[in-house]
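Below is one structure, written out as structure tokens; the observations come after it.
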Amino acid sequence: SLDYPARQAKHIYGSAPVYEPLAGSKGDIIEASLYLDWSEAQDRFEYERFAKAIYYQIHRPFPRITNWRDAVRDLSRPLMTDAVCKDTGYHYTIVYDKRVCPDKQNNKDVNLAWIGILQTAEPLLEAAIMLNDEAMAEFCRKTISRAAKEAFNQSAKLYYGGYSEGKWRPNTWRNDVEHNAYQVGQAAYFFLRAYLHESQRNLEHPEWIKNVGTVLHNVAEQRNDVGEFGNFFSAKDGRVQSYAGFAPTWFIAALTLFYRFSNEQWAKDAAVESSAVYFEKLKTMELMGAPLDISFAPCEECILGFIKGLAELHSITGEDVYLYQLQRALHYNFTWKFSYNTKHRRGCCDWSSCGGDITSVHNIHIHPMGNLVAEDMFYAWKQ
């Protein structure tokens, strides 16, 4: 047994419409095959052999609709023409198609990372470079510069989580949480990533990383005796309020990138020491504490920062242990991935679910977060 509980801590189930019922009407019969496999196991990673076999047994490849350059252009251009909020100057968090949702208003509240500013601006900048679209590139650079200047809580020495009603706030995701590792760590990672990519083009933006070292040194110094980073922090003084959860692995990814350009040994040491701690947690196959809306249920998003951190650690050290751990982390990620294609319930678009990820056991929907580690999958495959 994998001993894999789906915890129900403070989670409330409510009524909601069923968009895709299993049965078309009352009395319909659904038939399915149930496969049972067994094996002796030295640890829980033995599941990987079965999961891989099942994945390919039901795998259906996604159809190729167009070439990558046209896809990048088609995805990025509407982000400039239809998705920038005139009131805030940032992208909307949600843009509604008025033909489908005529009564819905675009969401002006925006996060710094997660589903927010840097999550959009950094890859959009790379798209602009690919497309030779200087106007798009300049917009992204100004957006990142503005966020770097505005979104830093000087008292806590941490990045703010969101921008709402004209004000930066520690967190706009959940009322009883202030600063959190998921958003702070991912923001530091994306600031560094954007800075390093621009540096390779001989473009320097020191303002983008002005506060990154302060943030990362703060969280590294507050690790507990085990080596865990804080997950929740005080907005007043930045002190750790809770260490529970796997989301702080985004600090490993950020610290490794920080070491790459700064050569600060403390950053590498913190990343190396803590990666071993969180790998022990991965062995439980119960990763929790990233999305703030699921009350510490097992989730897919928890593994993403760890995957990026392990890929970066292997890249700078060349040590096989990180490639081994990266493979284990990617296998966990694949337990949340569609390997086949479904029909969209509205029937209004031709889409592919293959390769898409399920979020968690408590807020079940397909989301694009798993695409963050597509490059790390490719890196592992090449190695």
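In the structure tokens, the first chain shown is A, the next is B, and so on; residue numbers restart at 1 for each chain, and ligands run from 1 in the order shown.
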
Where does stretch 291-353 of chain A meet stretch 36-60 of chain A within 12 Å, residue by residue, with the nearest atom pair and distance in Å to one decimal for each, counting only C-alpha atoms, listed by chain and rising number, as a Markdown table?
```
| residue | atom | partner | partner_atom | distance |
| --- | --- | --- | --- | --- |
| A:Tyr324 | CA | A:Phe45 | CA | 11.6 |
| A:Gln325 | CA | A:Phe45 | CA | 10.9 |
| A:Gln327 | CA | A:Glu48 | CA | 10.1 |
| A:Arg328 | CA | A:Phe45 | CA | 7.3 |
| A:Ala329 | CA | A:Phe45 | CA | 10.1 |
| A:Leu330 | CA | A:Glu48 | CA | 10.1 |
| A:His331 | CA | A:Glu48 | CA | 6.5 |
| A:Tyr332 | CA | A:Glu48 | CA | 8.2 |
| A:Asn333 | CA | A:Glu48 | CA | 11.0 |
| A:Phe334 | CA | A:Ala51 | CA | 8.4 |
| A:Thr335 | CA | A:Ala51 | CA | 7.1 |
| A:Trp336 | CA | A:Ala51 | CA | 10.7 |
| A:Lys337 | CA | A:Tyr55 | CA | 9.0 |
| A:Phe338 | CA | A:His59 | CA | 8.4 |
| A:Ser339 | CA | A:His59 | CA | 4.7 |
| A:Tyr340 | CA | A:Arg60 | CA | 4.5 |
| A:Asn341 | CA | A:Arg60 | CA | 6.4 |
| A:Thr342 | CA | A:Arg60 | CA | 9.9 |
| A:Ser352 | CA | A:Arg60 | CA | 9.7 |
| A:Ser353 | CA | A:Arg60 | CA | 9.7 |
```

Could you list, with a cut-off of 9 Å and counting only C-alpha atoms, the residues of stretch 209-228 of chain A near stretch 154-176 of chain A, each shown with its nearest atom pair and the distance in Å rounded to one decimal, rows sorted by chain and ascending number, as CSV?
```
residue,atom,partner,partner_atom,distance
A:Asn211,CA,A:Lys157,CA,8.1
A:Val212,CA,A:Leu158,CA,8.8
A:Thr214,CA,A:Lys157,CA,6.5
A:Val215,CA,A:Leu158,CA,5.3
A:Leu216,CA,A:Leu158,CA,8.5
A:Asn218,CA,A:Lys157,CA,6.9
A:Val219,CA,A:Leu158,CA,8.7
```

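Distances from A:Asp28, A:Glu319, A:Glu273, A:Asp133 to A:Val72 were compared using only C-alpha atoms, and the smallest one belongs to A:Asp133.
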
* Asked: DSSP on the backbone: what in stretch 225-290 of chain A comes out alpha helix (DSSP H), as a PyMOL selection string?
  -> chain A and resi 249-262+265-282

* To do: Name all residues at most 12 Å from A:Val226 (count only C-alpha atoms; drop same-chain ones fewer than 6 positions away) and give them as a PyMOL selection string.
  => chain A and resi 243-244+270+273-278+280-281

Please, could you write that set of residues out with N, CA, C and O atoms as a CSV table (one decimal), in the first residue's frame?
```
chain,number,residue,atom,x,y,z
A,243,TYR,N,6.2,26.4,9.5
A,243,TYR,CA,7.1,25.7,8.7
A,243,TYR,C,6.5,24.6,7.8
A,243,TYR,O,7.1,24.0,7.0
A,244,ALA,N,5.2,24.3,8.1
A,244,ALA,CA,4.6,23.1,7.5
A,244,ALA,C,4.3,23.4,6.1
A,244,ALA,O,3.9,24.4,5.7
A,270,ALA,N,22.6,26.6,1.5
A,270,ALA,CA,21.2,26.5,2.0
A,270,ALA,C,20.4,25.7,1.0
A,270,ALA,O,19.5,24.9,1.4
A,273,GLU,N,21.5,21.9,1.4
A,273,GLU,CA,21.1,21.3,2.7
A,273,GLU,C,19.6,21.1,2.7
A,273,GLU,O,19.2,20.0,3.2
A,274,SER,N,18.8,22.0,2.3
A,274,SER,CA,17.4,21.9,2.4
A,274,SER,C,16.8,21.0,1.3
A,274,SER,O,15.8,20.3,1.5
A,275,SER,N,17.5,20.8,0.2
A,275,SER,CA,17.0,19.9,-0.8
A,275,SER,C,17.0,18.5,-0.3
A,275,SER,O,16.0,17.7,-0.6
A,276,ALA,N,17.9,18.1,0.6
A,276,ALA,CA,18.0,16.8,1.1
A,276,ALA,C,16.8,16.6,2.1
A,276,ALA,O,16.2,15.5,2.2
A,277,VAL,N,16.4,17.6,2.8
A,277,VAL,CA,15.3,17.6,3.8
A,277,VAL,C,14.0,17.3,3.0
A,277,VAL,O,13.2,16.5,3.4
A,278,TYR,N,13.8,18.1,1.9
A,278,TYR,CA,12.5,18.0,1.2
A,278,TYR,C,12.5,16.7,0.4
A,278,TYR,O,11.3,16.3,0.1
A,280,GLU,N,13.4,13.9,1.5
A,280,GLU,CA,12.8,12.9,2.5
A,280,GLU,C,11.3,13.0,2.5
A,280,GLU,O,10.6,12.0,2.7
A,281,LYS,N,10.8,14.3,2.4
A,281,LYS,CA,9.3,14.5,2.4
A,281,LYS,C,8.7,13.9,1.1
A,281,LYS,O,7.6,13.3,1.2
```

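Atom CA of A:Tyr35 lies 27.1 Å from atom CA of A:Gly370.
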
* Asked: Within 12 Å of A:Leu112, counting only C-alpha atoms, which residues qualify if same-chain residues fewer than 4 places away don't, as a ChimeraX atom specification?
  -> /A:90-93,116-122,143-144,146-152,158-164,168-173,179-180,182-191

* **Interatomic distance (Å, one decimal) between atom CA of A:Glu221 and atom CA of A:Gly238** => 11.5 Å
